[in-house]
>>> print(open('upload_17.txt').read())   # compact mmCIF, C-alpha atoms and all ligand atoms
# COMPACT_ATOMS: atom_id res chain seq x y z
CA MET J 112 2.69 -6.65 -82.26
CA GLY J 113 -0.90 -5.94 -83.23
CA ALA J 114 -1.73 -9.62 -83.65
CA GLY J 115 -4.44 -9.15 -81.02
CA LYS J 116 -3.00 -10.88 -77.94
CA SER J 117 -4.42 -8.36 -75.49
CA THR J 118 -7.78 -8.03 -77.29
CA ILE J 119 -8.34 -11.74 -77.92
CA GLY J 120 -6.93 -12.73 -74.51
CA ARG J 121 -9.44 -10.55 -72.70
CA LEU J 122 -12.37 -11.88 -74.75
CA LEU J 123 -11.23 -15.47 -74.26
CA SER J 124 -11.01 -14.95 -70.51
CA GLN J 125 -14.58 -13.64 -70.46
CA GLU J 126 -15.79 -16.61 -72.47
CA LEU J 127 -14.08 -19.05 -70.11
CA ASP J 128 -14.75 -17.05 -66.95
CA ARG J 129 -11.04 -16.92 -66.10
CA GLU J 130 -8.89 -14.14 -64.81
CA PHE J 131 -7.12 -12.19 -67.57
CA ILE J 132 -3.57 -10.96 -67.10
CA ASP J 133 -1.51 -8.98 -69.61
CA SER J 134 2.21 -9.21 -68.88
CA ASP J 135 2.86 -5.79 -70.48
CA LYS J 136 0.41 -4.23 -68.01
CA VAL J 137 1.94 -6.08 -65.05
CA ILE J 138 5.40 -4.82 -66.04
CA GLU J 139 4.06 -1.25 -66.24
CA GLU J 140 2.29 -1.48 -62.89
CA ARG J 141 5.32 -2.94 -61.14
CA SER J 142 7.79 -0.46 -62.55
CA GLY J 143 5.45 2.51 -62.14
CA ALA J 144 6.36 3.53 -65.69
CA ASN J 145 5.05 2.93 -69.19
CA ILE J 146 6.79 0.72 -71.75
CA PRO J 147 8.28 3.56 -73.83
CA TRP J 148 9.85 4.99 -70.64
CA ILE J 149 11.33 1.60 -69.69
CA PHE J 150 12.83 1.17 -73.17
CA ASP J 151 14.17 4.71 -73.08
CA VAL J 152 15.78 4.53 -69.65
CA GLU J 153 16.68 0.84 -69.26
CA GLY J 154 17.00 -0.16 -72.91
CA GLU J 155 15.34 -3.17 -74.53
CA GLU J 156 17.41 -5.56 -72.37
CA GLY J 157 16.13 -3.85 -69.22
CA PHE J 158 12.59 -4.35 -70.45
CA ARG J 159 13.32 -8.00 -71.35
CA ASP J 160 14.68 -8.64 -67.84
CA ARG J 161 11.47 -7.30 -66.34
CA GLU J 162 9.49 -9.37 -68.83
CA THR J 163 11.33 -12.59 -67.98
CA ALA J 164 10.72 -12.07 -64.25
CA ALA J 165 7.02 -11.40 -64.90
CA ILE J 166 6.62 -14.42 -67.20
CA ASP J 167 8.27 -16.76 -64.70
CA GLU J 168 5.89 -15.60 -62.00
CA LEU J 169 2.69 -15.35 -64.05
CA THR J 170 3.09 -18.76 -65.71
CA GLN J 171 3.04 -20.34 -62.25
CA LEU J 172 -0.54 -19.17 -61.71
CA ASN J 173 -3.36 -21.58 -62.48
CA ASP J 174 -6.56 -21.00 -64.45
CA ILE J 175 -5.61 -17.71 -66.03
CA ILE J 176 -5.52 -16.37 -69.57
CA LEU J 177 -2.19 -14.64 -70.10
CA ALA J 178 -1.49 -12.20 -72.92
CA THR J 179 2.23 -11.69 -73.39
CA GLY J 180 4.22 -8.97 -75.07
CA GLY J 181 5.12 -9.64 -78.70
CA GLY J 182 8.81 -10.24 -77.99
CA VAL J 183 8.29 -12.79 -75.21
CA VAL J 184 9.54 -15.66 -77.38
CA LEU J 185 12.99 -14.11 -77.81
CA ARG J 186 14.32 -15.70 -74.64
CA GLU J 187 14.58 -19.46 -74.34
CA GLU J 188 13.67 -19.29 -70.64
CA ASN J 189 10.35 -17.60 -71.46
CA ARG J 190 9.58 -20.11 -74.21
CA GLN J 191 10.22 -23.01 -71.82
CA HIS J 192 7.99 -21.55 -69.10
CA LEU J 193 5.15 -20.91 -71.54
CA LYS J 194 5.43 -24.32 -73.17
CA ASN J 195 5.76 -26.29 -69.94
CA ARG J 196 3.17 -24.47 -67.89
CA GLY J 197 0.32 -23.64 -70.25
CA ILE J 198 -1.39 -24.00 -73.58
CA VAL J 199 0.27 -21.54 -75.95
CA ILE J 200 -1.70 -19.97 -78.79
CA TYR J 201 0.24 -18.20 -81.53
CA LEU J 202 -1.88 -15.48 -83.14
CA LEU J 203 -0.51 -15.19 -86.67
CA THR J 204 -1.22 -12.00 -88.57
CA SER J 205 -0.09 -10.46 -91.84
CA ILE J 206 2.36 -7.56 -91.76
CA GLU J 207 -0.28 -5.48 -93.52
CA GLN J 208 -2.78 -6.04 -90.68
CA GLN J 209 -0.11 -5.50 -88.02
CA LEU J 210 0.74 -2.15 -89.59
CA GLU J 211 -2.89 -1.11 -89.73
CA ARG J 212 -3.57 -2.15 -86.14
CA THR J 213 -0.46 -0.59 -84.63
CA SER J 214 -0.67 2.72 -86.48
CA LYS J 215 -3.14 4.22 -84.00
CA ASP J 216 -1.19 4.13 -80.78
CA ARG J 217 2.39 5.03 -80.03
CA ASN J 218 2.96 2.67 -77.13
CA ARG J 219 5.30 0.33 -79.05
CA PRO J 220 8.82 1.75 -78.95
CA LEU J 221 10.22 -0.72 -81.49
CA LEU J 222 7.84 0.70 -84.09
CA GLN J 223 8.73 4.36 -83.53
CA THR J 224 10.83 4.42 -86.67
CA ALA J 225 10.65 5.84 -90.18
CA ASP J 226 9.93 2.39 -91.61
CA PRO J 227 7.74 0.32 -89.26
CA GLU J 228 6.94 -2.11 -92.09
CA ALA J 229 10.61 -3.08 -92.43
CA VAL J 230 10.86 -3.55 -88.65
CA LEU J 231 7.74 -5.72 -88.56
CA LYS J 232 9.12 -7.86 -91.39
CA ARG J 233 12.44 -8.31 -89.61
CA LEU J 234 10.72 -9.17 -86.32
CA PHE J 235 8.43 -11.64 -88.08
CA ASN J 236 11.36 -13.47 -89.68
CA GLN J 237 13.16 -13.65 -86.37
CA ARG J 238 10.16 -14.55 -84.21
CA ASP J 239 7.93 -16.78 -86.35
CA PRO J 240 10.12 -19.90 -85.88
CA LEU J 241 10.38 -19.16 -82.14
CA TYR J 242 6.60 -18.91 -81.76
CA ARG J 243 6.22 -22.13 -83.73
CA SER J 244 8.72 -23.89 -81.46
CA CYS J 245 6.70 -23.29 -78.30
CA CYS J 246 3.04 -23.08 -79.36
CA ASP J 247 0.24 -25.61 -79.21
CA LEU J 248 -1.99 -23.88 -81.74
CA ILE J 249 -1.55 -21.41 -84.57
CA ILE J 250 -4.56 -19.21 -85.26
CA ARG J 251 -4.74 -16.66 -88.08
CA THR J 252 -6.31 -13.40 -87.00
CA ASP J 253 -6.32 -11.33 -90.18
CA LYS J 254 -9.63 -10.13 -91.47
CA ARG J 255 -11.45 -11.98 -88.73
CA HIS J 256 -13.50 -10.33 -86.05
CA PRO J 257 -11.98 -10.82 -82.56
CA ARG J 258 -15.03 -12.83 -81.45
CA ALA J 259 -14.62 -15.17 -84.43
CA VAL J 260 -10.97 -15.64 -83.46
CA VAL J 261 -12.01 -16.61 -79.93
CA GLN J 262 -14.52 -19.16 -81.23
CA GLU J 263 -11.84 -20.66 -83.49
CA ILE J 264 -9.44 -20.93 -80.54
CA LEU J 265 -12.06 -22.69 -78.41
CA LYS J 266 -12.92 -25.09 -81.23
CA GLN J 267 -9.32 -26.01 -81.87
CA ILE J 268 -8.38 -26.40 -78.20
CA LYS J 269 -11.35 -28.64 -77.66
CA GLN J 270 -10.31 -30.81 -80.60
CA LYS J 271 -6.76 -31.01 -79.37
CA HIS J 272 -7.48 -31.39 -75.66
CA PRO J 273 -10.85 -33.18 -75.26
CA ASP J 274 -9.88 -33.84 -71.62
CA LEU J 275 -10.11 -30.13 -70.69
CA HIS J 276 -13.55 -30.09 -69.10
CA PHE J 277 -13.63 -26.40 -68.29
CA LEU J 278 -14.14 -25.82 -72.01
CA ASP J 279 -17.54 -27.51 -71.78
CA ALA J 280 -18.84 -24.64 -69.71
CA SER J 281 -18.28 -22.09 -72.46
CA HIS J 282 -20.90 -21.23 -75.03
CA PHE J 283 -19.56 -22.45 -78.35
N1 LIG Q 301 -9.08 -9.60 -85.07
C1 LIG Q 301 -8.97 -8.27 -85.07
N2 LIG Q 301 -9.59 -7.56 -86.04
C2 LIG Q 301 -9.49 -6.22 -86.06
N3 LIG Q 301 -8.80 -5.46 -85.15
C3 LIG Q 301 -8.18 -6.12 -84.18
C4 LIG Q 301 -8.22 -7.55 -84.08
N4 LIG Q 301 -7.49 -7.92 -83.01
C5 LIG Q 301 -7.01 -6.77 -82.47
N5 LIG Q 301 -7.43 -5.70 -83.16
C6 LIG Q 301 -7.10 -4.28 -82.87
O1 LIG Q 301 -5.71 -4.12 -83.14
C7 LIG Q 301 -5.10 -3.30 -82.17
C8 LIG Q 301 -3.93 -4.04 -81.53
O2 LIG Q 301 -4.42 -5.18 -80.83
P1 LIG Q 301 -3.76 -5.69 -79.47
O3 LIG Q 301 -3.33 -4.55 -78.63
O4 LIG Q 301 -4.70 -6.68 -78.88
O5 LIG Q 301 -2.46 -6.43 -80.04
P2 LIG Q 301 -1.28 -7.14 -79.23
O6 LIG Q 301 -1.00 -8.42 -79.95
O7 LIG Q 301 -1.66 -7.24 -77.79
O8 LIG Q 301 -0.04 -6.15 -79.42
P3 LIG Q 301 1.31 -6.02 -78.52
O9 LIG Q 301 2.24 -7.10 -78.96
O10 LIG Q 301 1.86 -4.69 -78.88
O11 LIG Q 301 0.91 -6.14 -77.09
C9 LIG Q 301 -6.20 -2.90 -81.19
O12 LIG Q 301 -6.67 -1.62 -81.54
C10 LIG Q 301 -7.29 -3.93 -81.40
O13 LIG Q 301 -8.58 -3.40 -81.18
O1 LIG Q 302 7.06 -7.03 -79.91
C1 LIG Q 302 7.71 -6.51 -78.97
O2 LIG Q 302 8.94 -6.63 -78.86
C2 LIG Q 302 6.98 -5.74 -77.97
C3 LIG Q 302 5.60 -5.83 -77.94
C4 LIG Q 302 4.80 -5.18 -76.90
O3 LIG Q 302 3.77 -6.08 -76.50
C5 LIG Q 302 5.63 -4.77 -75.70
O4 LIG Q 302 5.99 -5.90 -74.92
C6 LIG Q 302 6.87 -4.03 -76.13
O5 LIG Q 302 6.47 -2.90 -76.84
C7 LIG Q 302 7.75 -4.93 -77.02
MG MG Q 303 -0.77 -6.50 -76.06
>>> encode(input="upload_17.txt", output="structure tokens")
Amino acid sequence: MGAGKSTIGRLLSQELDREFIDSDKVIEERSGANIPWIFDVEGEEGFRDRETAAIDELTQLNDIILATGGGVVLREENRQHLKNRGIVIYLLTSIEQQLERTSKDRNRPLLQTADPEAVLKRLFNQRDPLYRSCCDLIIRTDKRHPRAVVQEILKQIKQKHPDLHFLDASHF
């Protein structure tokens, strides 16, 4: 949470002239409710079920940039779909930066607690190995402007996948 998936994903999609989709937004649109409401009424598992259905569907689309929710890696099925159907970029961020970036809005139910730092630490320990198990690239986003993060992503993807010709069209 607060690593910048939605922010960086949108910028990357503009740079590559691709459609941008944010699975959190799709889940909200489809359910007609916001994420805190879904967590409240259906519990985290209810939200995760909606997330798994959305990820299965969205990862079958071609030529898109997909920003996921932060907990997407919790389920093996999601990890497999992401890994098998796309290039997965893990945006790695310090807890300190996550705290700073998530303090402004209250749309993250898991952080509505007296000690968000402890929650972020616990989630990091649980999720970091899962992200590592399904990603193609790891990009640090602390203390870097979002546009610099996008340029770093493009550089590293190009190095790793020189066969991806659509990257040639972007300005980097
Ligand atoms: N590289 C960055 N430098 C500074 N601020 C950033 C950076 N990336 C994102 N932000 C800011 O941090 C906040 C959270 O970013 P964002 O919503 O993109 O995170 P997220 O990874 O999508 O979180 P979630 O997992 O909750 O969906 C936003 O206010 C955004 O403007
Ligand atoms: O890290 C998480 O578990 C979450 C992150 C958000 O993107 C949302 O998907 C939701 O708030 C849960
Ligand atoms: Mg997001």
>>> residues_near_point(input="upload_17.txt", point="(2.3, -7.3, -72.2)", cutoff="6 Å", atoms="all atoms listed in the file", output="VMD selection string")
chain J and resid 133 to 136 179 to 180
>>> closest_atom_pairs(input="upload_17.txt", of="chain J", to="ligand LIG 301 (chain Q)", cutoff="9 Å", atoms="only C-alpha atoms and all ligand atoms", output="tab-separated table")
residue	atom	partner	partner_atom	distance
J:Met112	CA	Q:LIG301	O9	3.4
J:Gly113	CA	Q:LIG301	O5	3.6
J:Ala114	CA	Q:LIG301	O6	4.0
J:Gly115	CA	Q:LIG301	O4	3.3
J:Lys116	CA	Q:LIG301	O6	3.8
J:Ser117	CA	Q:LIG301	O7	3.8
J:Thr118	CA	Q:LIG301	O4	3.7
J:Ile119	CA	Q:LIG301	O4	6.3
J:Gly120	CA	Q:LIG301	O4	7.8
J:Arg121	CA	Q:LIG301	O4	8.7
J:Asp133	CA	Q:LIG301	O11	8.4
J:Ser134	CA	Q:LIG301	O11	8.9
J:Asp135	CA	Q:LIG301	O11	6.9
J:Ala178	CA	Q:LIG301	O7	7.0
J:Thr179	CA	Q:LIG301	O11	6.8
J:Gly180	CA	Q:LIG301	O9	4.7
J:Gly181	CA	Q:LIG301	O9	3.8
J:Gly182	CA	Q:LIG301	O9	7.3
J:Leu202	CA	Q:LIG301	O6	7.8
J:Thr204	CA	Q:LIG301	N1	8.9
J:Gln208	CA	Q:LIG301	C2	8.1
J:Gln209	CA	Q:LIG301	O1	7.6
J:Glu211	CA	Q:LIG301	O1	7.8
J:Arg212	CA	Q:LIG301	O1	4.2
J:Thr213	CA	Q:LIG301	C8	5.8
J:Ser214	CA	Q:LIG301	C7	8.6
J:Lys215	CA	Q:LIG301	O12	7.3
J:Asp216	CA	Q:LIG301	O12	8.0
J:Asn218	CA	Q:LIG301	O10	7.6
J:Arg219	CA	Q:LIG301	O10	6.1
J:Arg251	CA	Q:LIG301	N1	8.8
J:Thr252	CA	Q:LIG301	N1	5.1
J:Asp253	CA	Q:LIG301	N1	6.1
J:Lys254	CA	Q:LIG301	N2	6.0
J:Arg255	CA	Q:LIG301	N1	5.0
J:His256	CA	Q:LIG301	N1	4.6
J:Pro257	CA	Q:LIG301	N1	4.0
J:Arg258	CA	Q:LIG301	N1	7.7
J:Ala259	CA	Q:LIG301	N1	7.9
J:Val260	CA	Q:LIG301	N1	6.5
>>> closest_residue(input="upload_17.txt", among="J:Ile132, J:Leu127, J:Ile268, J:Leu221", to="ligand LIG 302 (chain Q)", atoms="all atoms listed in the file")
J:Leu221
>>> axis_aligned_box(input="upload_17.txt", around="ligand LIG 302 (chain Q)", padding_each_side="5 Å", output="AutoDock Vina command-line options")
--center_x 6.4 --center_y -5.0 --center_z -77.4 --size_x 15.2 --size_y 14.1 --size_z 15.0
>>> residues_around(input="upload_17.txt", residues="Tyr242 of chain J", least_positions_apart="5", cutoff="12 Å", atoms="all atoms listed in the file", output="list in words")
Thr179, Gly181, Gly182, Val183, Val184, Leu185, Arg186, Glu187, Asn189, Arg190, Gln191, Leu193, Lys194, Val199, Ile200, Tyr201, Leu202, Leu203, Leu234, Phe235, Asn236, Gln237, Asp247, Leu248, Ile249 and Ile250 of chain J
>>> write_last_selection(input="upload_17.txt", atoms="C-alpha atoms", output="mmCIF file, in the frame of the given file")
data_model
loop_
_atom_site.group_PDB
_atom_site.id
_atom_site.type_symbol
_atom_site.label_atom_id
_atom_site.label_comp_id
_atom_site.auth_asym_id
_atom_site.auth_seq_id
_atom_site.Cartn_x
_atom_site.Cartn_y
_atom_site.Cartn_z
ATOM 1 C CA THR J 179 2.230 -11.690 -73.390
ATOM 2 C CA GLY J 181 5.120 -9.640 -78.700
ATOM 3 C CA GLY J 182 8.810 -10.240 -77.990
ATOM 4 C CA VAL J 183 8.290 -12.790 -75.210
ATOM 5 C CA VAL J 184 9.540 -15.660 -77.380
ATOM 6 C CA LEU J 185 12.990 -14.110 -77.810
ATOM 7 C CA ARG J 186 14.320 -15.700 -74.640
ATOM 8 C CA GLU J 187 14.580 -19.460 -74.340
ATOM 9 C CA ASN J 189 10.350 -17.600 -71.460
ATOM 10 C CA ARG J 190 9.580 -20.110 -74.210
ATOM 11 C CA GLN J 191 10.220 -23.010 -71.820
ATOM 12 C CA LEU J 193 5.150 -20.910 -71.540
ATOM 13 C CA LYS J 194 5.430 -24.320 -73.170
ATOM 14 C CA VAL J 199 0.270 -21.540 -75.950
ATOM 15 C CA ILE J 200 -1.700 -19.970 -78.790
ATOM 16 C CA TYR J 201 0.240 -18.200 -81.530
ATOM 17 C CA LEU J 202 -1.880 -15.480 -83.140
ATOM 18 C CA LEU J 203 -0.510 -15.190 -86.670
ATOM 19 C CA LEU J 234 10.720 -9.170 -86.320
ATOM 20 C CA PHE J 235 8.430 -11.640 -88.080
ATOM 21 C CA ASN J 236 11.360 -13.470 -89.680
ATOM 22 C CA GLN J 237 13.160 -13.650 -86.370
ATOM 23 C CA ASP J 247 0.240 -25.610 -79.210
ATOM 24 C CA LEU J 248 -1.990 -23.880 -81.740
ATOM 25 C CA ILE J 249 -1.550 -21.410 -84.570
ATOM 26 C CA ILE J 250 -4.560 -19.210 -85.260
#
>>> atom_distance(input="upload_17.txt", atom1="atom CA of Arg161 of chain J", atom2="atom CA of Phe131 of chain J")
19.3 Å
>>> closest_residue(input="upload_17.txt", among="J:Leu177, J:Glu188, J:Asp274, J:Ser142", to="ligand MG 303 (chain Q)", atoms="all atoms listed in the file")
J:Leu177
>>> closest_residue(input="upload_17.txt", among="J:Cys245, J:Gln125, J:Lys266, J:Ile146", to="Arg159 of chain J", atoms="all atoms listed in the file")
J:Ile146
>>> atom_distance(input="upload_17.txt", atom1="atom CA of Glu162 of chain J", atom2="atom CA of Glu126 of chain J")
26.5 Å
>>> closest_residue(input="upload_17.txt", among="J:Glu130, J:Leu231, J:Cys246, J:Pro273", to="Leu172 of chain J", atoms="all atoms listed in the file")
J:Glu130
>>> residues_around(input="upload_17.txt", residues="Pro147 of chain J", least_positions_apart="6", cutoff="10 Å", atoms="all atoms listed in the file", output="PyMOL selection string")
chain J and resi 139+153-155+158+217-221+223
>>> closest_residue(input="upload_17.txt", among="J:Leu241, J:Arg141, J:Asp226, J:Ile264", to="Leu122 of chain J", atoms="all atoms listed in the file")
J:Ile264
>>> closest_residue(input="upload_17.txt", among="J:Ile149, J:Val261, J:Leu278, J:Ile176", to="Arg196 of chain J", atoms="all atoms listed in the file")
J:Ile176
